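Shown below: final-v2.csv, with CSV, C-alpha atoms.
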chain,number,residue,atom,x,y,z
A,1,MET,CA,-2.6,-18.7,5.3
A,2,GLU,CA,-6.2,-20.0,5.0
A,3,LYS,CA,-7.4,-16.7,6.4
A,4,PHE,CA,-5.3,-14.8,3.8
A,5,LYS,CA,-6.7,-17.0,1.0
A,6,LEU,CA,-10.2,-16.1,2.1
A,7,ASP,CA,-9.3,-12.5,2.2
A,8,ILE,CA,-7.9,-12.6,-1.4
A,9,GLN,CA,-11.0,-14.3,-2.6
A,10,ARG,CA,-13.1,-11.5,-1.1
A,11,ARG,CA,-10.9,-8.9,-2.7
A,12,ILE,CA,-11.4,-10.5,-6.1
A,13,TYR,CA,-15.2,-10.3,-5.7
A,14,GLY,CA,-14.9,-6.7,-4.4
A,15,PHE,CA,-12.7,-5.7,-7.4
A,16,ALA,CA,-15.1,-7.4,-9.8
A,17,GLY,CA,-17.9,-5.4,-8.3
A,18,LEU,CA,-15.7,-2.2,-8.6
A,19,ILE,CA,-15.2,-2.8,-12.4
A,20,LEU,CA,-18.9,-3.2,-12.8
A,21,LEU,CA,-19.4,0.1,-10.9
A,22,PHE,CA,-16.8,1.9,-13.1
A,23,VAL,CA,-18.4,0.7,-16.3
A,24,LEU,CA,-22.0,1.5,-15.2
A,25,THR,CA,-21.0,4.9,-13.9
A,26,TYR,CA,-19.1,5.8,-17.1
A,27,TYR,CA,-22.0,4.6,-19.2
A,28,PHE,CA,-24.8,6.3,-17.4
A,29,MET,CA,-22.8,9.6,-16.9
A,30,ASN,CA,-22.2,9.6,-20.7
A,31,ARG,CA,-25.8,8.9,-21.4
A,32,MET,CA,-27.0,11.7,-19.1
A,33,TYR,CA,-24.4,14.3,-19.7
A,34,GLY,CA,-21.9,13.3,-22.4
A,35,MET,CA,-23.7,12.4,-25.6
A,36,GLY,CA,-25.4,14.7,-28.0
A,37,ASP,CA,-25.0,18.5,-28.6
A,38,GLY,CA,-25.9,19.5,-25.0
A,39,SER,CA,-22.5,18.5,-23.7
A,40,ASP,CA,-20.2,21.3,-22.5
A,41,ALA,CA,-17.1,19.2,-22.1
A,42,GLY,CA,-14.4,19.7,-24.7
A,43,ASP,CA,-12.2,17.0,-26.3
A,44,PHE,CA,-9.5,17.3,-23.7
A,45,ILE,CA,-11.9,16.6,-20.8
A,46,ARG,CA,-13.6,13.7,-22.8
A,47,GLY,CA,-10.2,12.2,-23.5
A,48,PHE,CA,-9.1,12.6,-19.9
A,49,GLN,CA,-12.3,11.0,-18.5
A,50,LEU,CA,-11.8,8.0,-20.9
A,51,GLY,CA,-8.2,7.7,-19.9
A,52,ILE,CA,-8.9,7.7,-16.2
A,53,PHE,CA,-11.7,5.2,-16.7
A,54,ALA,CA,-9.5,2.9,-18.8
A,55,ALA,CA,-6.6,3.2,-16.3
A,56,MET,CA,-8.8,2.3,-13.3
A,57,VAL,CA,-10.4,-0.7,-15.1
A,58,SER,CA,-7.0,-1.9,-16.3
A,59,ALA,CA,-5.4,-1.6,-12.9
A,60,THR,CA,-8.3,-3.5,-11.3
A,61,VAL,CA,-8.1,-6.3,-13.9
A,62,VAL,CA,-4.4,-6.6,-13.3
A,63,ARG,CA,-4.9,-6.9,-9.6
A,64,ILE,CA,-7.6,-9.6,-10.1
A,65,LEU,CA,-5.2,-11.6,-12.3
A,66,ILE,CA,-2.4,-11.3,-9.7
A,67,TYR,CA,-4.8,-12.5,-7.0
A,68,ASN,CA,-6.1,-15.4,-9.1
A,69,ALA,CA,-2.6,-16.5,-9.9
A,70,ALA,CA,-1.8,-16.4,-6.2
A,71,LEU,CA,-4.8,-18.5,-5.3
A,72,ARG,CA,-3.6,-21.3,-7.6
A,73,ASP,CA,0.0,-21.3,-6.4
A,74,ASP,CA,1.0,-21.6,-2.7
A,75,ASP,CA,4.4,-20.1,-3.3
A,76,LYS,CA,3.0,-17.1,-5.0
A,77,LEU,CA,0.4,-16.8,-2.2
A,78,ARG,CA,3.1,-16.8,0.4
A,79,LYS,CA,5.2,-14.2,-1.5
A,80,LEU,CA,2.1,-12.0,-1.8
A,81,HIS,CA,1.4,-12.3,1.9
A,82,ILE,CA,5.0,-11.5,2.7
A,83,GLU,CA,4.9,-8.4,0.5
A,84,GLU,CA,1.8,-7.1,2.2
A,85,THR,CA,2.9,-7.8,5.7
A,86,ASP,CA,6.6,-7.0,5.5
A,87,GLU,CA,7.2,-4.5,8.3
A,88,ARG,CA,9.7,-2.3,6.4
A,89,ASN,CA,7.2,-2.0,3.5
A,90,GLN,CA,4.5,-1.0,5.9
A,91,LEU,CA,6.7,1.6,7.6
A,92,ILE,CA,7.6,3.1,4.2
A,93,ALA,CA,3.9,3.3,3.2
A,94,LEU,CA,3.0,4.9,6.5
A,95,LYS,CA,5.8,7.5,6.4
A,96,ALA,CA,5.4,8.3,2.7
A,97,GLY,CA,1.6,8.4,2.9
A,98,GLY,CA,1.6,10.7,5.9
A,99,PHE,CA,3.9,13.2,4.4
A,100,ALA,CA,2.2,13.1,1.0
A,101,SER,CA,-1.2,13.5,2.6
A,102,LEU,CA,-0.2,16.6,4.4
A,103,VAL,CA,1.3,18.2,1.2
A,104,GLU,CA,-1.9,17.3,-0.7
A,105,LEU,CA,-4.0,19.0,1.9
A,106,ILE,CA,-1.9,22.2,1.8
A,107,VAL,CA,-1.8,22.3,-2.0
A,108,SER,CA,-5.6,21.7,-2.1
A,109,VAL,CA,-6.2,24.6,0.3
A,110,LEU,CA,-4.0,26.9,-1.8
A,111,ALA,CA,-5.7,25.8,-5.0
A,112,THR,CA,-9.1,26.5,-3.4
A,113,LEU,CA,-8.1,30.0,-2.5
A,114,VAL,CA,-6.8,30.8,-5.9
A,115,ALA,CA,-9.8,29.2,-7.7
A,116,GLY,CA,-12.0,31.6,-5.7
A,117,PHE,CA,-10.7,34.5,-7.8
A,118,PHE,CA,-11.7,32.8,-11.1
A,119,SER,CA,-14.6,30.4,-10.9
A,120,ASN,CA,-17.4,29.7,-8.4
A,121,THR,CA,-17.8,26.1,-9.6
A,122,VAL,CA,-14.2,25.2,-9.2
A,123,PHE,CA,-14.0,27.0,-5.9
A,124,PHE,CA,-16.9,25.0,-4.4
A,125,THR,CA,-15.7,21.7,-5.9
A,126,LEU,CA,-12.3,22.1,-4.4
A,127,LEU,CA,-13.7,23.3,-1.1
A,128,GLY,CA,-15.8,20.1,-1.0
A,129,VAL,CA,-12.7,18.0,-1.6
A,130,VAL,CA,-10.7,19.9,1.1
A,131,LEU,CA,-13.5,19.5,3.7
A,132,PHE,CA,-13.8,15.8,2.8
A,133,ILE,CA,-10.0,15.3,3.2
A,134,VAL,CA,-10.0,17.1,6.6
A,135,PHE,CA,-13.0,15.1,7.7
A,136,LEU,CA,-11.5,11.8,6.6
A,137,ARG,CA,-8.2,12.5,8.4
A,138,LEU,CA,-10.0,13.3,11.6
A,139,ILE,CA,-12.2,10.2,11.4
A,140,THR,CA,-9.3,7.8,10.6
A,141,LYS,CA,-7.2,9.4,13.4
A,142,LEU,CA,-10.1,8.9,15.9
A,143,VAL,CA,-10.7,5.3,14.7
A,144,TYR,CA,-7.0,4.3,15.0
A,145,GLN,CA,-6.7,6.0,18.4
A,146,ARG,CA,-9.5,3.7,19.6
A,147,ILE,CA,-8.3,0.4,18.1
A,148,LEU,CA,-4.5,0.7,18.7
B,1,MET,CA,21.9,-0.8,14.1
B,2,LYS,CA,24.7,-3.2,13.4
B,3,THR,CA,23.9,-6.8,13.0
B,4,LYS,CA,25.7,-10.1,12.3
B,5,ILE,CA,23.1,-11.3,9.9
B,6,GLN,CA,25.4,-11.2,6.9
B,7,ALA,CA,28.1,-13.2,8.6
B,8,LEU,CA,25.6,-15.7,10.0
B,9,ARG,CA,24.1,-16.2,6.5
B,10,LYS,CA,27.4,-16.9,4.9
B,11,GLU,CA,28.3,-19.3,7.7
B,12,HIS,CA,25.1,-21.2,7.1
B,13,ARG,CA,25.4,-20.8,3.4
B,14,ILE,CA,22.0,-19.3,2.8
B,15,SER,CA,20.9,-16.5,0.5
B,16,GLN,CA,19.1,-13.3,1.5
B,17,GLU,CA,16.0,-14.6,-0.4
B,18,GLU,CA,16.0,-17.9,1.6
B,19,LEU,CA,16.4,-16.1,4.9
B,20,ALA,CA,13.7,-13.6,4.0
B,21,LEU,CA,11.3,-16.4,3.1
B,22,ALA,CA,12.1,-18.2,6.3
B,23,VAL,CA,11.4,-15.3,8.6
B,24,GLY,CA,8.5,-13.8,6.5
B,25,VAL,CA,9.9,-10.6,5.1
B,26,THR,CA,11.1,-9.4,1.7
B,27,ARG,CA,14.7,-9.7,0.5
B,28,GLN,CA,15.0,-5.9,0.5
B,29,THR,CA,14.3,-5.9,4.3
B,30,ILE,CA,17.1,-8.4,4.9
B,31,THR,CA,19.4,-6.2,2.8
B,32,SER,CA,18.4,-3.1,4.8
B,33,LEU,CA,19.0,-4.9,8.1
B,34,GLU,CA,22.5,-6.1,7.0
B,35,VAL,CA,23.7,-2.6,6.0
B,36,GLY,CA,22.2,-1.2,9.2
B,37,LYS,CA,19.7,1.1,7.5
B,38,TYR,CA,16.7,-0.5,9.1
B,39,THR,CA,16.1,-1.5,12.7
B,40,ALA,CA,14.0,-4.7,13.0
B,41,SER,CA,11.0,-4.9,15.3
B,42,LEU,CA,11.2,-7.2,18.3
B,43,VAL,CA,9.2,-9.9,16.6
B,44,LEU,CA,11.4,-9.9,13.5
B,45,ALA,CA,14.6,-9.8,15.6
B,46,TYR,CA,13.3,-12.8,17.6
B,47,LYS,CA,12.4,-14.7,14.4
B,48,ILE,CA,15.9,-14.1,12.9
B,49,ALA,CA,17.7,-15.0,16.1
B,50,THR,CA,15.6,-18.2,16.5
B,51,TYR,CA,16.3,-19.1,12.9
B,52,PHE,CA,20.0,-19.1,13.6
B,53,GLY,CA,19.6,-20.8,17.0
B,54,LEU,CA,20.9,-17.8,18.8
B,55,THR,CA,19.7,-15.0,21.1
B,56,ILE,CA,18.7,-11.6,19.9
B,57,GLU,CA,21.8,-10.1,21.6
B,58,ASP,CA,24.0,-12.5,19.7
B,59,VAL,CA,22.7,-11.3,16.3
B,60,PHE,CA,22.0,-7.6,17.0
B,61,ASP,CA,24.5,-5.1,18.4
B,62,PHE,CA,22.7,-2.8,20.8
B,63,THR,CA,25.8,-1.0,22.1
B,64,SER,CA,25.7,1.8,19.5
B,65,GLU,CA,21.9,2.4,20.0
B,66,GLY,CA,22.2,3.9,23.5
B,67,GLU,CA,24.5,6.7,22.3
Spit out the file's structure as C-alpha coordinates when you get a sec.
Amino acid sequence: MEKFKLDIQRRIYGFAGLILLFVLTYYFMNRMYGMGDGSDAGDFIRGFQLGIFAAMVSATVVRILIYNAALRDDDKLRKLHIEETDERNQLIALKAGGFASLVELIVSVLATLVAGFFSNTVFFTLLGVVLFIVFLRLITKLVYQRIL
Amino acid sequence: MKTKIQALRKEHRISQEELALAVGVTRQTITSLEVGKYTASLVLAYKIATYFGLTIEDVFDFTSEGE
(Lines of atoms letter the chains of each structure in order from A and count residues from 1; the text may use other names and numbers.)
(Lines give C-alpha, C1' and ligand atoms only; values in the text may rest on other atoms or scores of the structure.)
Protein backbone atom coordinates (compact mmCIF):
# COMPACT_ATOMS: atom_id res chain seq x y z
CA MET A 1 0.00 0.00 0.00
CA GLU A 2 3.01 2.30 0.57
CA LYS A 3 3.99 1.83 -3.05
CA PHE A 4 0.48 2.76 -4.15
CA LYS A 5 0.59 5.85 -1.91
CA LEU A 6 3.78 6.96 -3.60
CA ASP A 7 2.23 6.31 -6.99
CA ILE A 8 -0.81 8.47 -6.07
CA GLN A 9 1.49 11.26 -4.93
CA ARG A 10 3.34 11.16 -8.24
CA ARG A 11 0.05 11.24 -10.11
CA ILE A 12 -1.01 14.37 -8.21
CA TYR A 13 2.19 16.13 -9.25
CA GLY A 14 1.72 14.90 -12.81
CA PHE A 15 -1.86 16.16 -12.99
CA ALA A 16 -0.87 19.51 -11.51
CA GLY A 17 1.72 19.82 -14.26
CA LEU A 18 -0.93 18.84 -16.80
CA ILE A 19 -3.24 21.65 -15.64
CA LEU A 20 -0.40 24.11 -16.02
CA LEU A 21 0.25 22.79 -19.51
CA PHE A 22 -3.44 23.11 -20.48
CA VAL A 23 -3.61 26.69 -19.21
CA LEU A 24 -0.35 27.77 -20.86
CA THR A 25 -1.28 26.08 -24.14
CA TYR A 26 -4.70 27.72 -24.22
CA TYR A 27 -3.28 31.11 -23.29
CA PHE A 28 -0.46 31.13 -25.83
CA MET A 29 -2.57 29.63 -28.62
CA ASN A 30 -5.11 32.37 -28.04
CA ARG A 31 -2.43 35.04 -28.01
CA MET A 32 -0.86 33.77 -31.23
CA TYR A 33 -3.96 32.78 -33.19
CA GLY A 34 -7.12 33.65 -31.33
CA MET A 35 -7.19 37.31 -30.46
CA GLY A 36 -7.74 40.24 -32.71
CA ASP A 37 -9.25 40.52 -36.16
CA GLY A 38 -6.87 38.04 -37.79
CA SER A 39 -8.64 35.00 -36.35
CA ASP A 40 -10.52 32.69 -38.76
CA ALA A 41 -12.31 30.72 -36.11
CA GLY A 42 -16.03 31.33 -35.70
CA ASP A 43 -17.99 31.52 -32.46
CA PHE A 44 -18.79 27.80 -32.49
CA ILE A 45 -15.13 26.78 -32.69
CA ARG A 46 -14.16 29.30 -30.01
CA GLY A 47 -16.90 28.01 -27.75
CA PHE A 48 -15.94 24.40 -28.40
CA GLN A 49 -12.28 25.08 -27.61
CA LEU A 50 -13.18 26.82 -24.38
CA GLY A 51 -15.54 23.98 -23.46
CA ILE A 52 -12.90 21.32 -24.08
CA PHE A 53 -10.34 23.28 -22.12
CA ALA A 54 -12.72 23.78 -19.17
CA ALA A 55 -13.73 20.09 -19.19
CA MET A 56 -10.11 18.90 -19.20
CA VAL A 57 -9.09 21.23 -16.39
CA SER A 58 -12.19 20.35 -14.32
CA ALA A 59 -11.72 16.61 -14.77
CA THR A 60 -8.07 16.92 -13.75
CA VAL A 61 -8.91 19.00 -10.68
CA VAL A 62 -11.56 16.45 -9.60
CA ARG A 63 -9.01 13.63 -9.97
CA ILE A 64 -6.50 15.56 -7.83
CA LEU A 65 -9.14 16.10 -5.13
CA ILE A 66 -10.04 12.39 -5.14
CA TYR A 67 -6.38 11.41 -4.83
CA ASN A 68 -5.77 13.95 -2.05
CA ALA A 69 -8.73 12.61 -0.10
CA ALA A 70 -7.42 9.06 -0.54
CA LEU A 71 -3.98 10.02 0.76
CA ARG A 72 -5.54 11.35 3.98
CA ASP A 73 -7.78 8.33 4.64
CA ASP A 74 -6.50 4.74 4.60
CA ASP A 75 -9.97 3.28 3.94
CA LYS A 76 -10.43 5.50 0.89
CA LEU A 77 -6.94 4.62 -0.29
CA ARG A 78 -7.68 0.90 -0.02
CA LYS A 79 -11.01 1.32 -1.87
CA LEU A 80 -9.24 3.28 -4.63
CA HIS A 81 -6.60 0.57 -4.89
CA ILE A 82 -9.28 -2.13 -5.13
CA GLU A 83 -11.17 -0.21 -7.84
CA GLU A 84 -8.02 0.14 -9.91
CA THR A 85 -6.78 -3.44 -9.50
CA ASP A 86 -10.13 -5.26 -9.54
CA GLU A 87 -9.67 -7.99 -12.17
CA ARG A 88 -13.22 -7.76 -13.52
CA ASN A 89 -12.92 -3.98 -13.99
CA GLN A 90 -9.62 -4.47 -15.79
CA LEU A 91 -11.13 -7.09 -18.08
CA ILE A 92 -14.07 -4.82 -18.90
CA ALA A 93 -11.70 -1.93 -19.71
CA LEU A 94 -9.59 -4.20 -21.88
CA LYS A 95 -12.49 -5.65 -23.87
CA ALA A 96 -14.38 -2.37 -24.25
CA GLY A 97 -11.20 -0.46 -25.10
CA GLY A 98 -10.10 -2.94 -27.71
CA PHE A 99 -13.41 -2.96 -29.53
CA ALA A 100 -13.87 0.82 -29.30
CA SER A 101 -10.34 1.40 -30.56
CA LEU A 102 -10.97 -0.71 -33.65
CA VAL A 103 -14.23 1.08 -34.43
CA GLU A 104 -12.52 4.46 -33.95
CA LEU A 105 -9.82 3.48 -36.44
CA ILE A 106 -12.32 2.33 -39.07
CA VAL A 107 -14.46 5.45 -38.71
CA SER A 108 -11.36 7.69 -38.84
CA VAL A 109 -10.23 6.05 -42.06
CA LEU A 110 -13.70 6.52 -43.61
CA ALA A 111 -13.80 10.15 -42.46
CA THR A 112 -10.37 10.71 -44.02
CA LEU A 113 -11.55 9.31 -47.33
CA VAL A 114 -14.67 11.47 -47.35
CA ALA A 115 -12.79 14.60 -46.27
CA GLY A 116 -10.48 14.19 -49.24
CA PHE A 117 -13.36 15.20 -51.52
CA PHE A 118 -13.97 18.47 -49.70
CA SER A 119 -10.94 19.92 -47.93
CA ASN A 120 -7.17 19.39 -48.14
CA THR A 121 -6.61 20.70 -44.59
CA VAL A 122 -9.14 18.35 -43.04
CA PHE A 123 -7.90 15.43 -45.15
CA PHE A 124 -4.29 15.81 -44.07
CA THR A 125 -5.24 16.44 -40.41
CA LEU A 126 -7.32 13.27 -40.32
CA LEU A 127 -4.62 11.35 -42.18
CA GLY A 128 -2.12 12.43 -39.55
CA VAL A 129 -4.47 11.24 -36.79
CA VAL A 130 -5.06 7.86 -38.51
CA LEU A 131 -1.35 7.29 -39.03
CA PHE A 132 -0.68 8.19 -35.39
CA ILE A 133 -3.36 5.75 -34.18
CA VAL A 134 -1.95 2.94 -36.36
CA PHE A 135 1.59 3.67 -35.19
CA LEU A 136 0.49 3.76 -31.54
CA ARG A 137 -1.39 0.44 -31.82
CA LEU A 138 1.66 -1.18 -33.41
CA ILE A 139 4.09 0.14 -30.80
CA THR A 140 1.90 -0.79 -27.81
CA LYS A 141 1.36 -4.28 -29.24
CA LEU A 142 5.13 -4.76 -29.64
CA VAL A 143 5.81 -3.42 -26.15
CA TYR A 144 3.25 -5.70 -24.50
CA GLN A 145 4.45 -8.70 -26.50
CA ARG A 146 7.88 -8.08 -24.99
CA ILE A 147 6.90 -7.48 -21.39
CA LEU A 148 4.17 -10.13 -20.99
CA MET B 1 -19.25 -21.01 -13.55
CA LYS B 2 -21.37 -21.97 -10.56
CA THR B 3 -20.05 -21.15 -7.11
CA LYS B 4 -21.08 -21.63 -3.51
CA ILE B 5 -19.99 -18.14 -2.54
CA GLN B 6 -23.46 -16.86 -1.75
CA ALA B 7 -24.27 -19.84 0.46
CA LEU B 8 -20.92 -19.57 2.24
CA ARG B 9 -21.39 -15.85 2.79
CA LYS B 10 -24.81 -16.40 4.37
CA GLU B 11 -23.44 -19.21 6.51
CA HIS B 12 -20.69 -16.91 7.80
CA ARG B 13 -23.09 -13.94 7.98
CA ILE B 14 -20.98 -11.58 5.94
CA SER B 15 -22.05 -9.09 3.29
CA GLN B 16 -20.81 -8.91 -0.28
CA GLU B 17 -19.04 -5.66 0.59
CA GLU B 18 -17.16 -7.29 3.49
CA LEU B 19 -16.10 -10.25 1.38
CA ALA B 20 -15.06 -7.96 -1.48
CA LEU B 21 -12.92 -5.86 0.85
CA ALA B 22 -11.36 -8.95 2.39
CA VAL B 23 -10.28 -10.47 -0.93
CA GLY B 24 -9.43 -7.17 -2.65
CA VAL B 25 -12.13 -6.82 -5.30
CA THR B 26 -15.23 -4.67 -5.78
CA ARG B 27 -18.70 -5.67 -4.58
CA GLN B 28 -19.82 -5.87 -8.22
CA THR B 29 -17.23 -8.58 -8.87
CA ILE B 30 -18.57 -10.65 -5.97
CA THR B 31 -22.10 -10.21 -7.35
CA SER B 32 -20.98 -11.34 -10.81
CA LEU B 33 -19.23 -14.36 -9.31
CA GLU B 34 -22.31 -15.36 -7.33
CA VAL B 35 -24.63 -15.25 -10.33
CA GLY B 36 -22.10 -17.12 -12.45
CA LYS B 37 -21.57 -14.31 -14.96
CA TYR B 38 -17.88 -13.91 -14.25
CA THR B 39 -15.18 -16.55 -13.82
CA ALA B 40 -12.59 -15.70 -11.19
CA SER B 41 -8.88 -15.89 -11.90
CA LEU B 42 -6.84 -18.54 -10.10
CA VAL B 43 -5.50 -15.96 -7.65
CA LEU B 44 -8.94 -14.63 -6.77
CA ALA B 45 -10.40 -18.14 -6.49
CA TYR B 46 -7.60 -19.05 -4.11
CA LYS B 47 -8.14 -15.91 -2.00
CA ILE B 48 -11.88 -16.59 -1.70
CA ALA B 49 -11.39 -20.27 -0.86
CA THR B 50 -8.73 -19.40 1.73
CA TYR B 51 -11.00 -16.78 3.28
CA PHE B 52 -13.63 -19.44 3.95
CA GLY B 53 -11.03 -21.99 5.00
CA LEU B 54 -11.86 -24.30 2.11
CA THR B 55 -10.24 -25.55 -1.09
CA ILE B 56 -10.95 -24.02 -4.50
CA GLU B 57 -12.87 -27.15 -5.54
CA ASP B 58 -15.15 -26.77 -2.51
CA VAL B 59 -16.14 -23.24 -3.52
CA PHE B 60 -16.14 -23.37 -7.33
CA ASP B 61 -18.00 -25.94 -9.41
CA PHE B 62 -15.79 -27.03 -12.31
CA THR B 63 -18.04 -29.84 -13.55
CA SER B 64 -19.98 -27.63 -15.96
CA GLU B 65 -16.83 -25.95 -17.38
CA GLY B 66 -15.58 -29.02 -19.23
CA GLU B 67 -18.76 -29.26 -21.31
Residue neighbourhood Met1 (chain A), 12 Å, only C-alpha atoms, exclusion window fewer than 4 positions, as a list in words:
Lys5, Leu6, Asp7, Ile8, Ala70, Leu71, Asp74, Asp75, Lys76, Leu77, Arg78, Lys79, Leu80, His81 and Ile82 of chain A
Between B:Ala7, B:Ala40, B:Ile14, B:Val59, which is the closest to chain A once you count only C-alpha atoms?
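Selected residue with least distance to chain A: B:Ala40.
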Which residues of chain B have any atom within 8 Å of an atom in chain A when counting all atoms listed in the file, and what is the closest pair of atoms for each, with the distance in Å to one decimal? Order the rows by chain and rising number and write it as JSON lines.
{"residue": "B:Leu21", "atom": "CA", "partner": "A:Lys79", "partner_atom": "CA", "distance": 8.0}
{"residue": "B:Gly24", "atom": "CA", "partner": "A:Ile82", "partner_atom": "CA", "distance": 5.7}
{"residue": "B:Val25", "atom": "CA", "partner": "A:Asp86", "partner_atom": "CA", "distance": 4.9}
{"residue": "B:Thr26", "atom": "CA", "partner": "A:Asp86", "partner_atom": "CA", "distance": 6.4}
{"residue": "B:Thr29", "atom": "CA", "partner": "A:Arg88", "partner_atom": "CA", "distance": 6.2}
{"residue": "B:Tyr38", "atom": "CA", "partner": "A:Arg88", "partner_atom": "CA", "distance": 7.7}
{"residue": "B:Ser41", "atom": "CA", "partner": "A:Glu87", "partner_atom": "CA", "distance": 8.0}
File of the preceding selection, C-alpha atoms, as a PDB file, in the frame of the given file:
ATOM      1  CA  LEU B  21      11.300 -16.400   3.100  1.00  0.00           C
ATOM      2  CA  GLY B  24       8.500 -13.800   6.500  1.00  0.00           C
ATOM      3  CA  VAL B  25       9.900 -10.600   5.100  1.00  0.00           C
ATOM      4  CA  THR B  26      11.100  -9.400   1.700  1.00  0.00           C
ATOM      5  CA  THR B  29      14.300  -5.900   4.300  1.00  0.00           C
ATOM      6  CA  TYR B  38      16.700  -0.500   9.100  1.00  0.00           C
ATOM      7  CA  SER B  41      11.000  -4.900  15.300  1.00  0.00           C
TER       8      SER B  41
END
Just the number, please: distance in Å from CA of Asp58 (chain B) to CA of Ala22 (chain B), one decimal.
18.8 Å
Do you have the CA of Met56 (chain A)-CA of Tyr26 (chain A) distance handy?
11.5 Å
Restricting the calculation to only C-alpha atoms, which member of A:Phe48, A:Tyr13, A:Tyr27, A:Phe22 is positioned closest to Arg63 (chain A)?
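Among the listed residues, the smallest separation from Arg63 (chain A) belongs to A:Tyr13.
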Take CA of Leu136 (chain A) and CA of Phe118 (chain A) and report the distance between them in Å, one decimal.
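Spanning CA of Leu136 (chain A) to CA of Phe118 (chain A) is a straight-line distance of 27.5 Å.
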Give the answer as one residue: which of A:Gly14, A:Tyr67, A:Met29, A:Val130 has the shortest atom-to-atom distance to Leu102 (chain A), using all atoms listed in the file?
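Checking each candidate against Leu102 (chain A), we get A:Val130 as the closest.
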Looking at B:Leu8, B:Leu33, B:Val43, B:Met1, which one is nearest to Thr63 (chain B), with distances taken over all atoms listed in the file?
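Residue with the minimum atom-to-atom distance to Thr63 (chain B): B:Met1.
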